[in-house]
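The structure appears below as structure tokens.
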Amino acid sequence: MDGIKYAVFTEKSIRLLGNNQYTSNVESGSTRTEIKHWVELFFGVKVIAMNSHRLPRKGRKRGPIMGHTMQYRRMIITLQPGYSIPPLIEKRT
């Protein structure tokens with residue numbers, strides 16, 4: 001479960017919960033099959049579909065040096081009807 005960082009709670013992700021779709025940020029190097037395997041093993045659910053997109057990097061300035069935040073991938077995981085995932089409230093670093 002190291003690939004899944006934390007659950008995302010935005011207006012869109014809360015709306016998608018009604019369609020049995022869960023949103024979370026994962027490491028950018030993780031593949032869809034790895035994430036699907038982790039979710040099915042850890043939560044004991046059946047995954048129907050997975051959608052993903054990379055979030056844009058944000059610039060961070062510390063004095064004269066310009067840097068960037070870590071890049072994550074956001075996954076929207078669709079489960080079979082009847083299955084559910086308890087929310088991941090803790091933010092992992």
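Within each chain, counting starts at residue 1; across the structure tokens, chains are named A, B, ... in the order shown, with ligands numbered 1 upward in that order.
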Would you pick out the contacts of stretch 57-60 of chain A at 7 Å or less, using only C-alpha atoms, so that residues sharing its chain but fewer than 5 positions from it are not included, and give the list as a PyMOL selection string? chain A and resi 66-71
File dump, residues just selected, N, CA and C atoms, as a PDB file, in the first residue's frame:
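Dumped to out_1.pdb:
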```pdb
ATOM      1  N   MET A  66      14.104  28.430  -7.218  1.00  0.00           N
ATOM      2  CA  MET A  66      12.767  28.005  -7.628  1.00  0.00           C
ATOM      3  C   MET A  66      12.748  26.490  -7.701  1.00  0.00           C
ATOM      4  N   GLY A  67      11.738  25.883  -7.097  1.00  0.00           N
ATOM      5  CA  GLY A  67      11.603  24.433  -7.115  1.00  0.00           C
ATOM      6  C   GLY A  67      10.190  24.042  -7.480  1.00  0.00           C
ATOM      7  N   HIS A  68       9.909  22.766  -7.371  1.00  0.00           N
ATOM      8  CA  HIS A  68       8.584  22.242  -7.691  1.00  0.00           C
ATOM      9  C   HIS A  68       8.145  21.279  -6.606  1.00  0.00           C
ATOM     10  N   THR A  69       6.834  21.108  -6.490  1.00  0.00           N
ATOM     11  CA  THR A  69       6.292  20.120  -5.576  1.00  0.00           C
ATOM     12  C   THR A  69       6.429  18.732  -6.189  1.00  0.00           C
ATOM     13  N   MET A  70       6.189  17.708  -5.403  1.00  0.00           N
ATOM     14  CA  MET A  70       6.223  16.341  -5.911  1.00  0.00           C
ATOM     15  C   MET A  70       5.067  16.151  -6.884  1.00  0.00           C
ATOM     16  N   GLN A  71       5.295  15.350  -7.910  1.00  0.00           N
ATOM     17  CA  GLN A  71       4.239  15.094  -8.879  1.00  0.00           C
ATOM     18  C   GLN A  71       3.527  13.795  -8.508  1.00  0.00           C
TER      19      GLN A  71
END
```
Contacts of stretch 14-18 of chain A within 12 Å, only C-alpha atoms, excl. fewer than 3 positions in-chain, as a PyMOL selection string: chain A and resi 7-11+21-24+76-79+81+83-87
What lies within 9 Å of A:Ser30 using only C-alpha atoms, ignoring chain neighbours under 6 positions off, as a list in words? Gly3, Ile4 and Arg73 of chain A
So what do you get for atom CA of A:Gly82 versus atom CA of A:Val39, distance-wise?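 Calculated distance between atom CA of A:Gly82 and atom CA of A:Val39 is 15.5 Å.
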Between atom CA of A:Gln80 and atom CA of A:Leu41 lies a distance of 14.8 Å
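Interatomic distance, atom CA of A:Asn20 to atom CA of A:Val47: 10.3 Å.
Restricting the calculation to only C-alpha atoms, the smallest distance between A:Arg32 and any of A:Ile65, A:Leu55, A:Ile48, A:Met75 is found for A:Met75.
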